[in-house]
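Everything on this sheet refers to the single structure shown next.
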Amino acid sequence: MKLVAEKRQTSSKLFRFSAPLISILVALFVAGFLLLAAGVSPLQAYLEIIKEALGSTYGLSETLVKTTPLIFASLGVSLAFRMQIWNIGAEGQIYMGACGATAVALFSGLENHVMMITAMFLAAFLCGGAWAGVAGILRARWRVNEVIVTLLMNYIAILAVDYLIYGPWKDPKGFNFPLTAQFSDAARLTEYFNTRLHSGFFLALVCALVLYLFMERTVWGYEIKVIGSNPKAAQYAGMRTGLAIFAVLFLSGAIAGIAGFSEVAGLQHRLQHGISPGYGYTAIIIAWLAKRSALGVVIVSFLMGVLLVGGDSLQLSWQLPVAFVYAFQGLILFFLLASEFFIQNRVRLVRGTSHD
Amino acid sequence: MKRLVWLALSLVLALPLFLSLPGCSQQEEKTEAPPTQPKPEVSAKASAKEIQAGFIYVGPVGDAGWTYAHDQGRQEMEKLDYVKPSTFIESVPEGAESARVISGLVRKGSNLVFTTSFGYMDATLEVAESFKDVVFMHCSGYKSSENVGNYFGRMYEPRYLSGIVAGSMTQKGVIGYVAAFPIPEVIRGINAFTLGVRSVNPKTEVRVVWTQTWFDPGIERDAADSLLDVGADVLAMHQDAPATLQAAEARGAYVIGYNSDMRSFAPNAFLTAPVWNWGTLYTQIAEQVSNGTWKSESIWYGMQQELVQLAPLSAKVPADVQALVADKTAAIKAGTLHPFAGPLKDQAGTIKVAAGSVPSDGDLLGMNYFVEGVQGTIPQ
């Protein structure tokens with residue numbers, strides 16, 4: 001008797017769309033055993049996570065603050081994924097976006113709030129886009145694998161930011177510590193309700209809506225989907241795939257770059273090391289869970305925000321190590337990839353050794 | 001405006017207290033008069049405010065280094081009977097991210113919060129602004145406010161002593177130093193160490209490799225190996241993990257630890273380590289907050305106050321070196337030896353501290369040059 005996996009002729013639509021939910025539930029279930037092993041009741045822990053992240057104005061505002069960069073980065077990533085272009089470099093694009101916005105904030109000398117914020121936004125958009133655009137040109141012209149290029153450029157971006165904050169952009173009054181000066185009030189996004197919730201969040205929602213309309217209601221969106229599902233057919237239909245690859249990677253990086261803008265202008269108010277604690281990588285998980293849909297991204301980013309903010313309470317209340325939250329994220333991705341396999345394949349038991 | 005109203009209101013409410021009870025307030029002043037004498041246990045208990053402390057750590061408590069040392073201090077502090085079991089959160093990213101975690105500690109009831117890494121500075125001040133009745137202590141920064149104090153230790157003192165040990169034990173005259181970030185604290189340590197080395201072995205070079213990380217055992221190990229490859233036979237480090245010690249142990253070199261007594265990681269290679277002893281300071285602060293004498297200040301304690309120490313020397317260190325280190329330890333504690341006393345030259349040979357003088361604390365805190373004898377550059 002043995003297990004065999006065979007390709008499914010058709011995959012169940014219901015299963016395909018419920019897969020993300022199922023993988024989260026299975027991950028919760030498995031993580032429950034980890035919690036039990038640590039002597040914590042899983043149900044109590046999950047309730048505590050929800051209470052911490054959603055149970056008060058403060059908790060909710062912090063969750064939305066956390067959700068904001070995740071939405072931008074995941075929108076960027078999922079746009080490229082739509083065309084089967086694997087942009088793994090959102091992390092670096094966030095850094096470059098932050099870099100562009102900071103350059104404007106520190107050196108433009110603009111005093112008008114609206115002009116300053118607009119200029120910072122555009123700088124972040126262009127910097128993030130240009131960073132991903134490099135991979136776009138390499139891929140479109142010489143078929144260089146964009147996974148490798150975008151991934152490796154993350155490290156370059158982070159080191160470039162380090163260079164700036166240790167060197168030319170260092171705050172002259174900062175005792176030689178690696179931080180830029182704090183931004184002027186003109187370069188800070190508006191905050192609401194006496195919390196840290198800033199206008200970047202609403203910008204993220206607008207951005208998701210625009211991207212949704214772009215994908216579903218425009219010719220370009222249609223082309224992206226066609227090239228993604230069948231590049232040969234697209235070429236045959238006269239679509240300029242090379243240009244599309246570049247444009248999509250540029251746009252993908254530009255949107256991730258806005259996350260950098262929103263973080264420095266809305267939250268950090270300066271450029272420093274570790275401006276993104278891995279949002280660009282979390283975005284990849286989110287884009288998969290959201291099935292690359294713009295509206296799905298908003299929902300899943302919010303759920304991830306709940307997990308990240310609420311995860312703190314596991315440490316606060318039970319002194320569980322921070323590794324638990326990472327393990328949980330890993331479990332979700334693991335079960336999600338597993339579900340992809342089960343969508344594509346059928347697994348069954350076969351009696352005896354068959355023809356092989 | 002709101003704050004002004006509150007201030008006026010509380011003043012008005014407090015006024016009768018001063019007017020109606022003059023005798024009482026005088027009596028209170030009397031009992032507080034000799035603050036240097038430790039109060040008897042019983043009276044402390046009676047008046048003590050309960051302390052619920054919270055700690056934010058930059059690494060895991062199991063790092064065996066920086067965070068581990070802070071956590072030892074936390075446990076030491078918990079021995080006070082009015083200190084309730086404290087809460088800590090580990091591996092908190094530096095920057096604005098940390099504000100939420102700090103605020104979370106306070107919301108869970110902490111009335112004394114220690115934020116133990118430089119990158120928490122602005123977040124600490126920001127959160128402290130909304131919780132005026134909570135005391136915040138930030139480690140290794142330079143900003144403070146009404147309810148935020150900062151604290152750090154003169155680690156350069158035991159570093160200098162560890163340099164004497166390293167300089168005495170090197171055969172090849174090449175010493176390697178694995179360093180995290182080019183900030184004044186780390187530069188100061190490298191300089192003090194080098195001055196210690198060259199006080200016994202004037203020809204020796206100290207080679208510096210930057211890792212740009214506080215805690216990453218893999219990168220630290222690579223940096224240590226690269227220094228061993230260029231011929232270093234003694235290593236020192238300013239990192240949070242014991243990876244440098246393990247590298248030295250594997251290659252038969254000697255090593256100076258840091259943060260905590262790390263000899264178990266390198267039983268043969270370990271010589272000594274400049275170490276933190278946070279327990280004394282944390283206990284002192286908890287006492288002050290509890291009896292209401294705490295006020296915001298910038299604490300920079302040295303070996304005299306035993307916030308920083310040199311771990312016991314390995315038996316491999318010869319007796320004459322042991323005696324020399326003991327002498328110099330006593331001199332530093334007595335204030336007769338300052339590691340940075342002039343004449344002090346930088347790498348280019350320029351006099352930085354004139355003969356017969358010592359640098360001010362401000363100069364030390366902003367130290368941004370390598371002294372003569374260091375092989376390496378500070379990224380500018």
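Identifiers in the structure tokens: chain A, B, ... in order shown; residue index from 1 per chain; ligand index from 1 in order shown.
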- [ ] Give the alpha helix (DSSP H) residues of region 19-263 of chain A, as DSSP finds them on the backbone, and put them as a VMD selection string.
- [x] chain A and resid 19 to 37 42 to 54 57 to 82 90 to 107 113 to 142 146 to 166 200 to 217 219 to 229 231 to 236 241 to 263
Task: Exercise answer, chain B residues close to chain A, 9 Å and only C-alpha atoms, as a PyMOL selection string - done: chain B and resi 60+87-97+100-101+104-105+108+142+181-184+212+365-368+379-380
Please dump the current selection as a compact mmCIF listing (two decimals), in the first residue's frame; keep C-alpha atoms.
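Saved as part.txt:
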```
# COMPACT_ATOMS: atom_id res chain seq x y z
CA PRO B 60 16.64 37.41 23.50
CA THR B 87 7.54 41.69 33.09
CA PHE B 88 9.98 41.74 30.24
CA ILE B 89 9.63 41.71 26.47
CA GLU B 90 12.53 40.47 24.41
CA SER B 91 13.71 41.09 20.84
CA VAL B 92 11.85 44.40 20.52
CA PRO B 93 12.91 46.22 17.34
CA GLU B 94 14.45 49.64 17.90
CA GLY B 95 12.73 52.77 16.63
CA ALA B 96 9.08 53.83 16.62
CA GLU B 97 7.98 50.19 16.74
CA ARG B 100 3.75 50.35 21.36
CA VAL B 101 5.55 47.75 23.42
CA GLY B 104 1.85 48.05 26.55
CA LEU B 105 4.02 47.46 29.61
CA LYS B 108 -0.36 46.20 32.00
CA TYR B 142 21.40 61.20 26.02
CA PHE B 181 28.40 49.77 15.27
CA PRO B 182 30.72 52.78 14.90
CA ILE B 183 29.02 54.78 17.65
CA PRO B 184 30.84 56.57 20.49
CA GLN B 212 26.88 46.45 11.82
CA LEU B 365 30.29 60.60 25.20
CA GLY B 366 30.88 61.99 21.73
CA MET B 367 34.19 60.22 21.08
CA ASN B 368 34.55 59.83 17.35
CA PRO B 379 32.88 55.20 8.63
CA GLN B 380 32.17 58.92 8.34
```
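Of the residues under consideration (B:Met303, B:Val321, B:Val165, B:Ala224), B:Val165 shows the shortest atom-to-atom contact distance to Ile256 (chain B) when counting only C-alpha atoms.
Between CA of Lys132 (chain B) and CA of Thr57 (chain A) there is a distance of 20.3 Å.
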Task: Surrounding residues of Asp81 (chain B) excluding itself and chain neighbours under 2 positions, 10 Å, only C-alpha atoms, as a list in words - done: Lys45, Ala48, Glu50, Ile51, Met77, Glu78, Lys79, Val83, Lys84 and Pro85 of chain B
Generate a file of the selected residues that holds N, CA and C atoms, formatted as a PDB file, in the first residue's frame.
```pdb
ATOM      1  N   LYS B  45       9.461  49.063  54.648  1.00  0.00           N
ATOM      2  CA  LYS B  45       8.328  48.247  54.255  1.00  0.00           C
ATOM      3  C   LYS B  45       7.025  49.038  54.414  1.00  0.00           C
ATOM      4  N   ALA B  48       6.914  51.858  51.806  1.00  0.00           N
ATOM      5  CA  ALA B  48       7.322  51.562  50.440  1.00  0.00           C
ATOM      6  C   ALA B  48       6.142  51.428  49.496  1.00  0.00           C
ATOM      7  N   GLU B  50       4.732  49.811  46.194  1.00  0.00           N
ATOM      8  CA  GLU B  50       5.042  48.566  45.485  1.00  0.00           C
ATOM      9  C   GLU B  50       5.552  48.875  44.084  1.00  0.00           C
ATOM     10  N   ILE B  51       6.551  48.143  43.666  1.00  0.00           N
ATOM     11  CA  ILE B  51       7.138  48.368  42.352  1.00  0.00           C
ATOM     12  C   ILE B  51       6.728  47.244  41.420  1.00  0.00           C
ATOM     13  N   MET B  77      17.033  42.670  41.219  1.00  0.00           N
ATOM     14  CA  MET B  77      16.144  43.695  41.743  1.00  0.00           C
ATOM     15  C   MET B  77      14.889  43.081  42.373  1.00  0.00           C
ATOM     16  N   GLU B  78      14.429  41.980  41.775  1.00  0.00           N
ATOM     17  CA  GLU B  78      13.194  41.357  42.259  1.00  0.00           C
ATOM     18  C   GLU B  78      13.332  40.787  43.665  1.00  0.00           C
ATOM     19  N   LYS B  79      14.578  40.715  44.160  1.00  0.00           N
ATOM     20  CA  LYS B  79      14.759  40.184  45.512  1.00  0.00           C
ATOM     21  C   LYS B  79      14.208  41.136  46.564  1.00  0.00           C
ATOM     22  N   VAL B  83       9.142  44.659  45.461  1.00  0.00           N
ATOM     23  CA  VAL B  83       9.158  44.587  44.001  1.00  0.00           C
ATOM     24  C   VAL B  83       8.384  43.346  43.577  1.00  0.00           C
ATOM     25  N   LYS B  84       7.272  43.578  42.887  1.00  0.00           N
ATOM     26  CA  LYS B  84       6.462  42.455  42.437  1.00  0.00           C
ATOM     27  C   LYS B  84       7.135  41.808  41.216  1.00  0.00           C
ATOM     28  N   PRO B  85       6.777  40.576  40.896  1.00  0.00           N
ATOM     29  CA  PRO B  85       7.382  39.933  39.732  1.00  0.00           C
ATOM     30  C   PRO B  85       7.266  40.840  38.505  1.00  0.00           C
TER      31      PRO B  85
END
```
Open item on the list: Would you pick out the contacts of Ala19 (chain A) at 8 Å or less, using only C-alpha atoms, so that residues sharing its chain but fewer than 4 positions from it are not included, and give the list as a list in words?
Closed with: Phe15, Ser23, Leu336, Ser339 and Glu340 of chain A
Writer output for current selection, N, CA and C atoms, as a short mmCIF file (atom, residue, chain, number, x, y, z; two decimals), in the first residue's frame:
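Generated output (out16.cif):
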```cif
data_model
loop_
_atom_site.label_atom_id
_atom_site.label_comp_id
_atom_site.auth_asym_id
_atom_site.auth_seq_id
_atom_site.Cartn_x
_atom_site.Cartn_y
_atom_site.Cartn_z
N PHE A 15 -12.82 25.08 -2.68
CA PHE A 15 -11.62 24.80 -1.92
C PHE A 15 -10.56 25.87 -2.20
N SER A 23 -6.08 27.38 5.88
CA SER A 23 -4.67 27.29 6.35
C SER A 23 -4.47 28.10 7.62
N LEU A 336 -0.48 27.14 3.84
CA LEU A 336 -0.98 27.74 2.61
C LEU A 336 -0.35 27.07 1.40
N SER A 339 -1.75 23.73 0.98
CA SER A 339 -3.09 23.72 0.40
C SER A 339 -3.02 23.91 -1.12
N GLU A 340 -2.04 24.71 -1.59
CA GLU A 340 -1.84 24.86 -3.03
C GLU A 340 -1.60 23.49 -3.68
#
```
Open item on the list: Please list as a ChimeraX atom specification every residue within 9 Å of Lys225 (chain A), counting only C-alpha atoms and excluding residues in the same chain fewer than 4 positions away.
Closed with: /A:82-84,215,220-221,229-230
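Counting only C-alpha atoms and comparing A:Ala160, A:Cys99, A:Leu21, A:Ala135, the residue that lies closest to Ser252 (chain A) is A:Ala135.
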Task: Long-range neighbours of Ala341 (chain B) as a PyMOL selection string, 8 Å cut-off, only C-alpha atoms, 3 positions minimum in chain - done: chain B and resi 337-338+344+353+355-359
Open item on the list: What's the separation between CA of Tyr160 (chain B) and CA of Gly73 (chain B), in Å to one decimal place?
Closed with: 23.4 Å
TODO: Write out as a VMD selection string each polymer residue whose atoms come within 9 Å of Met116 (chain A), counting only C-alpha atoms; drop sequence neighbours fewer than 4 positions from it.
DONE: chain A and resid 104 to 105 108 to 112 120 to 121 186 to 187
If you keep N, CA and C atoms, can you produce a file of those selected residues as a short mmCIF file (atom, residue, chain, number, x, y, z; two decimals), in the first residue's frame?
```cif
data_model
loop_
_atom_site.label_atom_id
_atom_site.label_comp_id
_atom_site.auth_asym_id
_atom_site.auth_seq_id
_atom_site.Cartn_x
_atom_site.Cartn_y
_atom_site.Cartn_z
N VAL A 104 13.87 64.49 0.64
CA VAL A 104 13.03 65.68 0.46
C VAL A 104 12.80 66.37 1.81
N ALA A 105 12.48 65.57 2.82
CA ALA A 105 12.15 66.13 4.13
C ALA A 105 13.33 66.91 4.71
N SER A 108 14.87 69.66 1.11
CA SER A 108 14.15 70.47 0.13
C SER A 108 13.91 71.89 0.63
N GLY A 109 13.84 72.06 1.95
CA GLY A 109 13.60 73.39 2.50
C GLY A 109 12.17 73.86 2.31
N LEU A 110 11.29 72.98 1.81
CA LEU A 110 9.89 73.37 1.65
C LEU A 110 9.26 73.60 3.03
N GLU A 111 8.40 74.60 3.14
CA GLU A 111 7.77 74.85 4.42
C GLU A 111 6.27 74.60 4.39
N ASN A 112 5.72 74.62 3.18
CA ASN A 112 4.29 74.35 3.04
C ASN A 112 4.03 72.86 3.23
N MET A 120 7.47 64.58 -0.95
CA MET A 120 8.00 63.37 -0.31
C MET A 120 7.37 62.13 -0.91
N PHE A 121 6.05 62.20 -1.13
CA PHE A 121 5.32 61.08 -1.71
C PHE A 121 5.88 60.73 -3.08
N ALA A 186 6.21 70.19 9.02
CA ALA A 186 5.67 70.20 7.66
C ALA A 186 5.80 68.83 7.01
N ALA A 187 6.80 68.06 7.43
CA ALA A 187 7.07 66.78 6.79
C ALA A 187 6.44 65.62 7.54
#
```
Task: Interatomic distance, CA of Thr211 (chain B) to CA of Tyr369 (chain B) (Å, one decimal) - done: 18.1 Å
